[in-house]
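Visitor: Please read through the structure below; I'll follow up with questions.
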Amino acid sequence: MYKIGIIGERDSVLGFMALGFSVHEAENASVAERLLHTLAKSGEYAIIYIVENYAVELENEIAKYKDVPLPAITVIPGMSGTNGYGMANIKSAAQRAVGADILFKD
Amino acid sequence: MAELRVNPTRMEMKKLQARYTTARRGHKLLKDKRDELMKQFLDVVREDKALRERVENSLDKFYRGFTVASAATNPQMLEEALICPKKTASIGVEYKNMMSVIVPRFDMNFTGANTGDGINYGMAFTSGELDASLSELNGIMEDLLRMSELEKTAQLLAEEIEKTRRRVNALEYIMMPQYLSAIKTIKMKLDENERGNTTRLMKVKDMMLKAQLEQKHGEEDE
């Protein structure tokens, strides 16, 4: 059995405690980076949610776990709402696969 | 394009022809694999996109409710209410083979005393908004999980598609033309040798005939 982790600033992640997630507060991106690697390398987590504003800064770190089956690192919007980064991720995956952006031509 | 340097022998040509046949078969198989991967990838991405839109909307609602709740509640009380959940979320992971890409599938389990809604506190010191926002969050649990699964699948598939595409292109545009041109070169060399041989034989035959004729004439003259 694996755990579900969530990394983000206090206000954004507090609510997830009630769901039984393992909540990790990070007051800045470098703390988030350290947490991310600790959680990912521990092997106990199958999913790590990370709040968007940190995910933007940790893009390269997150990319390191892109091609391994576990953990799945998923970006979710934080307290301040979404800036479209999560959607941009899907878009870039599509671009990587297809070679051109064919899905998001709105 | 770099030419393949080969010895112009029949042996070498046979070898190259065999390799060309294999390359062509591999190319066809890989192309089929790429097409199928692409089809599955597009399905996954479409579903993921719809799901993400829904999840982001719900999360937005949750955060709004939560902000109101945290404004209305004493921060210590709020933390106290949330810090000790009666359930723990854990996930079972199964692996699925999707066109030889191993993708994870998540299966949610809750353990603990209260595995229903996310409300594990007394109602006295917290506001109603907190209950509402938490039940909103509770409602999208499944979607969140599915979204993680789909995004991981999409990433893994994207990697595999990229690899396969490179292989297909390398076979189609580098390997196969190289083999073909090497085979052609050898064939031309061999044909040239053959023609050289025939001409030489004809020439030798001519010379022999000439010699014979001259001998005959010499004998008649005597």
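Residues in the structure tokens are numbered from 1 in each chain, the chains being A, B, ... in the order shown, and ligands are numbered from 1 in the order shown.
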As JSON, numbers by chain, please: all residues of region 18-211 of chain B that backbone DSSP puts in strand (DSSP E).
Guide: {"B": [87, 88, 89, 90, 91, 92, 93, 94, 95, 96, 97, 98, 101, 102, 103, 104, 105, 106, 107, 108, 109, 110, 111, 112]}
Visitor: Going by DSSP on the backbone, which residues of region 35-196 of chain B come out as helix (DSSP H, G or I)? List them as an MDAnalysis selection string.
Guide: chainID B and resid 35:72 75:83 128:139 141:196
Visitor: Could you please take those selected residues and save C-alpha atoms as a short mmCIF file (atom, residue, chain, number, x, y, z; two decimals), in the first residue's frame?
Guide:
```cif
data_model
loop_
_atom_site.label_atom_id
_atom_site.label_comp_id
_atom_site.auth_asym_id
_atom_site.auth_seq_id
_atom_site.Cartn_x
_atom_site.Cartn_y
_atom_site.Cartn_z
CA ASP B 35 -0.17 4.27 -34.74
CA GLU B 36 -1.81 2.20 -32.02
CA LEU B 37 0.11 4.01 -29.26
CA MET B 38 -0.95 7.30 -30.74
CA LYS B 39 -4.58 6.24 -30.78
CA GLN B 40 -4.50 5.22 -27.13
CA PHE B 41 -2.53 8.29 -26.19
CA LEU B 42 -5.07 10.60 -27.75
CA ASP B 43 -7.89 8.85 -25.89
CA VAL B 44 -6.01 9.25 -22.62
CA VAL B 45 -5.17 12.87 -23.24
CA ARG B 46 -8.73 13.78 -24.20
CA GLU B 47 -10.12 12.19 -21.06
CA ASP B 48 -7.39 13.78 -18.98
CA LYS B 49 -8.13 17.20 -20.38
CA ALA B 50 -11.83 16.97 -19.57
CA LEU B 51 -11.07 15.61 -16.12
CA ARG B 52 -8.56 18.33 -15.34
CA GLU B 53 -11.04 21.01 -16.27
CA ARG B 54 -13.59 19.49 -13.92
CA VAL B 55 -11.11 18.97 -11.09
CA GLU B 56 -9.72 22.48 -11.38
CA ASN B 57 -13.23 23.90 -11.19
CA SER B 58 -14.08 21.87 -8.13
CA LEU B 59 -10.79 22.71 -6.44
CA ASP B 60 -11.48 26.34 -7.09
CA LYS B 61 -14.84 25.99 -5.36
CA PHE B 62 -13.20 24.13 -2.49
CA TYR B 63 -10.54 26.79 -2.01
CA ARG B 64 -13.12 29.53 -2.05
CA GLY B 65 -15.17 27.81 0.63
CA PHE B 66 -12.06 27.01 2.58
CA THR B 67 -10.87 30.60 2.52
CA VAL B 68 -14.18 31.77 3.87
CA ALA B 69 -14.06 29.08 6.52
CA SER B 70 -10.57 29.95 7.58
CA ALA B 71 -11.49 33.61 7.76
CA ALA B 72 -14.46 32.82 9.94
CA PRO B 75 -6.76 29.50 12.84
CA GLN B 76 -5.87 27.31 15.76
CA MET B 77 -9.34 25.87 15.86
CA LEU B 78 -9.21 25.23 12.16
CA GLU B 79 -5.97 23.37 12.40
CA GLU B 80 -7.18 21.45 15.37
CA ALA B 81 -10.24 20.39 13.43
CA LEU B 82 -8.21 19.13 10.50
CA ILE B 83 -4.99 17.90 11.98
CA GLY B 128 -20.47 25.61 8.02
CA GLU B 129 -18.39 26.63 5.03
CA LEU B 130 -15.68 24.26 6.17
CA ASP B 131 -18.07 21.32 6.07
CA ALA B 132 -19.30 22.30 2.64
CA SER B 133 -15.87 22.82 1.19
CA LEU B 134 -14.55 19.59 2.61
CA SER B 135 -17.43 17.62 1.19
CA GLU B 136 -16.71 19.25 -2.17
CA LEU B 137 -13.12 18.07 -1.87
CA ASN B 138 -14.24 14.65 -0.80
CA GLY B 139 -16.40 14.47 -3.89
CA MET B 141 -11.20 12.37 -4.63
CA GLU B 142 -11.90 9.76 -7.27
CA ASP B 143 -11.39 12.27 -10.04
CA LEU B 144 -8.11 13.46 -8.56
CA LEU B 145 -6.84 9.94 -8.45
CA ARG B 146 -7.99 9.15 -11.95
CA MET B 147 -6.36 12.35 -13.15
CA SER B 148 -3.02 11.35 -11.65
CA GLU B 149 -3.33 7.97 -13.27
CA LEU B 150 -4.15 9.44 -16.66
CA GLU B 151 -1.41 12.04 -16.52
CA LYS B 152 1.17 9.46 -15.61
CA THR B 153 -0.10 7.22 -18.40
CA ALA B 154 0.06 10.09 -20.84
CA GLN B 155 3.64 10.91 -19.86
CA LEU B 156 4.78 7.32 -20.18
CA LEU B 157 2.99 6.84 -23.47
CA ALA B 158 4.42 10.09 -24.79
CA GLU B 159 7.91 8.87 -24.05
CA GLU B 160 7.28 5.56 -25.77
CA ILE B 161 5.70 7.24 -28.79
CA GLU B 162 8.67 9.56 -29.10
CA LYS B 163 11.07 6.62 -29.00
CA THR B 164 9.04 4.62 -31.49
CA ARG B 165 8.73 7.57 -33.81
CA ARG B 166 12.48 8.05 -33.82
CA ARG B 167 13.00 4.39 -34.56
CA VAL B 168 10.49 4.41 -37.40
CA ASN B 169 12.11 7.49 -38.91
CA ALA B 170 15.61 6.14 -38.52
CA LEU B 171 14.61 2.94 -40.29
CA GLU B 172 12.65 4.69 -43.00
CA TYR B 173 15.01 7.53 -43.81
CA ILE B 174 18.47 6.27 -42.84
CA MET B 175 18.80 2.52 -42.56
CA MET B 176 16.63 1.35 -45.42
CA PRO B 177 17.94 3.80 -48.04
CA GLN B 178 21.48 2.98 -46.94
CA TYR B 179 20.93 -0.72 -47.43
CA LEU B 180 19.23 -0.15 -50.75
CA SER B 181 22.01 2.02 -52.09
CA ALA B 182 24.68 -0.40 -50.84
CA ILE B 183 22.87 -3.27 -52.53
CA LYS B 184 22.62 -1.24 -55.71
CA THR B 185 26.31 -0.39 -55.62
CA ILE B 186 27.28 -4.02 -55.19
CA LYS B 187 24.95 -5.08 -57.96
CA MET B 188 26.40 -2.54 -60.32
CA LYS B 189 29.93 -3.55 -59.44
CA LEU B 190 29.10 -7.21 -59.97
CA ASP B 191 27.37 -6.51 -63.29
CA GLU B 192 30.33 -4.44 -64.36
CA ASN B 193 32.66 -7.30 -63.50
CA GLU B 194 30.42 -9.67 -65.40
CA ARG B 195 30.46 -7.45 -68.47
CA GLY B 196 34.21 -7.05 -68.13
#
```
Visitor: Measure the distance from CA of Val23 (chain A) to CA of Val103 (chain B) in Å and round it to one decimal.
Guide: 25.3 Å
Visitor: Need the shell around region 37-48 of chain A: protein/DNA/RNA residues with any atom at most 7 Å away, counting only C-alpha atoms. Skip same-chain ones fewer than 5 positions apart. Format as a PyMOL selection string?
Guide: chain A and resi 2-6+70-74
Visitor: Can I get the selection written as an mmCIF file, in the first residue's frame, with C-alpha atoms?
Guide:
```
data_model
loop_
_atom_site.group_PDB
_atom_site.id
_atom_site.type_symbol
_atom_site.label_atom_id
_atom_site.label_comp_id
_atom_site.auth_asym_id
_atom_site.auth_seq_id
_atom_site.Cartn_x
_atom_site.Cartn_y
_atom_site.Cartn_z
ATOM 1 C CA TYR A 2 1.254 3.429 -0.912
ATOM 2 C CA LYS A 3 0.545 6.818 0.557
ATOM 3 C CA ILE A 4 -0.645 9.977 -1.145
ATOM 4 C CA GLY A 5 1.445 13.043 -0.493
ATOM 5 C CA ILE A 6 0.723 16.665 -1.099
ATOM 6 C CA LEU A 70 5.971 5.677 -9.733
ATOM 7 C CA PRO A 71 5.537 8.160 -8.180
ATOM 8 C CA ALA A 72 3.006 10.034 -10.254
ATOM 9 C CA ILE A 73 3.563 13.706 -9.662
ATOM 10 C CA THR A 74 0.437 15.677 -10.401
#
```
Visitor: Enumerate as a PyMOL selection string the residues belonging to chain A that approach chain B to within 9 Å, with only C-alpha atoms taken into account.
Guide: chain A and resi 1-4+11-12+14-22+45-49+66-82+86-87+89-91+93-99+103
Visitor: With C-alpha atoms retained, write the just-selected residues as a PDB file, in the first residue's frame.
Guide:
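This is the output file selection04.pdb:
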```
ATOM      1  CA  MET A   1       0.000   0.000   0.000  1.00  0.00           C
ATOM      2  CA  TYR A   2       1.254   3.429  -0.912  1.00  0.00           C
ATOM      3  CA  LYS A   3       0.545   6.818   0.557  1.00  0.00           C
ATOM      4  CA  ILE A   4      -0.645   9.977  -1.145  1.00  0.00           C
ATOM      5  CA  ASP A  11      -3.302  27.423   3.214  1.00  0.00           C
ATOM      6  CA  SER A  12      -3.562  25.341   0.081  1.00  0.00           C
ATOM      7  CA  LEU A  14      -4.441  22.154   5.008  1.00  0.00           C
ATOM      8  CA  GLY A  15      -7.795  20.995   3.734  1.00  0.00           C
ATOM      9  CA  PHE A  16      -6.332  17.822   2.296  1.00  0.00           C
ATOM     10  CA  MET A  17      -5.500  16.663   5.782  1.00  0.00           C
ATOM     11  CA  ALA A  18      -9.124  15.804   6.312  1.00  0.00           C
ATOM     12  CA  LEU A  19      -8.985  13.405   3.381  1.00  0.00           C
ATOM     13  CA  GLY A  20      -6.192  11.446   4.975  1.00  0.00           C
ATOM     14  CA  PHE A  21      -3.464  12.646   2.621  1.00  0.00           C
ATOM     15  CA  SER A  22      -0.025  12.969   4.010  1.00  0.00           C
ATOM     16  CA  TYR A  45       4.293   7.440  -2.166  1.00  0.00           C
ATOM     17  CA  ALA A  46       2.419   6.483  -5.305  1.00  0.00           C
ATOM     18  CA  ILE A  47       1.030   9.933  -5.959  1.00  0.00           C
ATOM     19  CA  ILE A  48       2.481  13.263  -4.976  1.00  0.00           C
ATOM     20  CA  TYR A  49       0.332  16.290  -5.583  1.00  0.00           C
ATOM     21  CA  LYS A  66       8.364  11.844 -15.673  1.00  0.00           C
ATOM     22  CA  ASP A  67       9.497   8.588 -17.206  1.00  0.00           C
ATOM     23  CA  VAL A  68       9.249   6.268 -14.222  1.00  0.00           C
ATOM     24  CA  PRO A  69       5.949   4.556 -13.372  1.00  0.00           C
ATOM     25  CA  LEU A  70       5.971   5.677  -9.733  1.00  0.00           C
ATOM     26  CA  PRO A  71       5.537   8.160  -8.180  1.00  0.00           C
ATOM     27  CA  ALA A  72       3.006  10.034 -10.254  1.00  0.00           C
ATOM     28  CA  ILE A  73       3.563  13.706  -9.662  1.00  0.00           C
ATOM     29  CA  THR A  74       0.437  15.677 -10.401  1.00  0.00           C
ATOM     30  CA  VAL A  75       0.125  19.406 -10.422  1.00  0.00           C
ATOM     31  CA  ILE A  76      -2.982  20.882  -8.832  1.00  0.00           C
ATOM     32  CA  PRO A  77      -4.003  24.510  -8.558  1.00  0.00           C
ATOM     33  CA  GLY A  78      -3.377  26.197  -5.233  1.00  0.00           C
ATOM     34  CA  MET A  79      -5.222  28.720  -3.158  1.00  0.00           C
ATOM     35  CA  SER A  80      -4.541  31.479  -5.646  1.00  0.00           C
ATOM     36  CA  GLY A  81      -6.353  29.653  -8.434  1.00  0.00           C
ATOM     37  CA  THR A  82      -4.989  28.106 -11.554  1.00  0.00           C
ATOM     38  CA  GLY A  86      -1.445  21.839 -15.305  1.00  0.00           C
ATOM     39  CA  MET A  87      -3.137  22.130 -18.668  1.00  0.00           C
ATOM     40  CA  ASN A  89       1.666  20.016 -18.955  1.00  0.00           C
ATOM     41  CA  ILE A  90      -0.861  17.897 -20.820  1.00  0.00           C
ATOM     42  CA  LYS A  91      -0.245  20.033 -23.845  1.00  0.00           C
ATOM     43  CA  ALA A  93       3.024  15.743 -23.343  1.00  0.00           C
ATOM     44  CA  ALA A  94       0.824  15.798 -26.430  1.00  0.00           C
ATOM     45  CA  GLN A  95       3.396  17.851 -28.251  1.00  0.00           C
ATOM     46  CA  ARG A  96       6.145  15.470 -27.292  1.00  0.00           C
ATOM     47  CA  ALA A  97       4.184  12.504 -28.578  1.00  0.00           C
ATOM     48  CA  VAL A  98       2.622  13.879 -31.705  1.00  0.00           C
ATOM     49  CA  GLY A  99       5.327  16.350 -32.615  1.00  0.00           C
ATOM     50  CA  LEU A 103      -5.401  18.903 -29.425  1.00  0.00           C
TER      51      LEU A 103
END
```
Visitor: At what distance in Å, to one decimal, does CA of Leu35 (chain A) lie from CA of Ile7 (chain A)?
Guide: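 These two atoms are separated by 7.5 Å.
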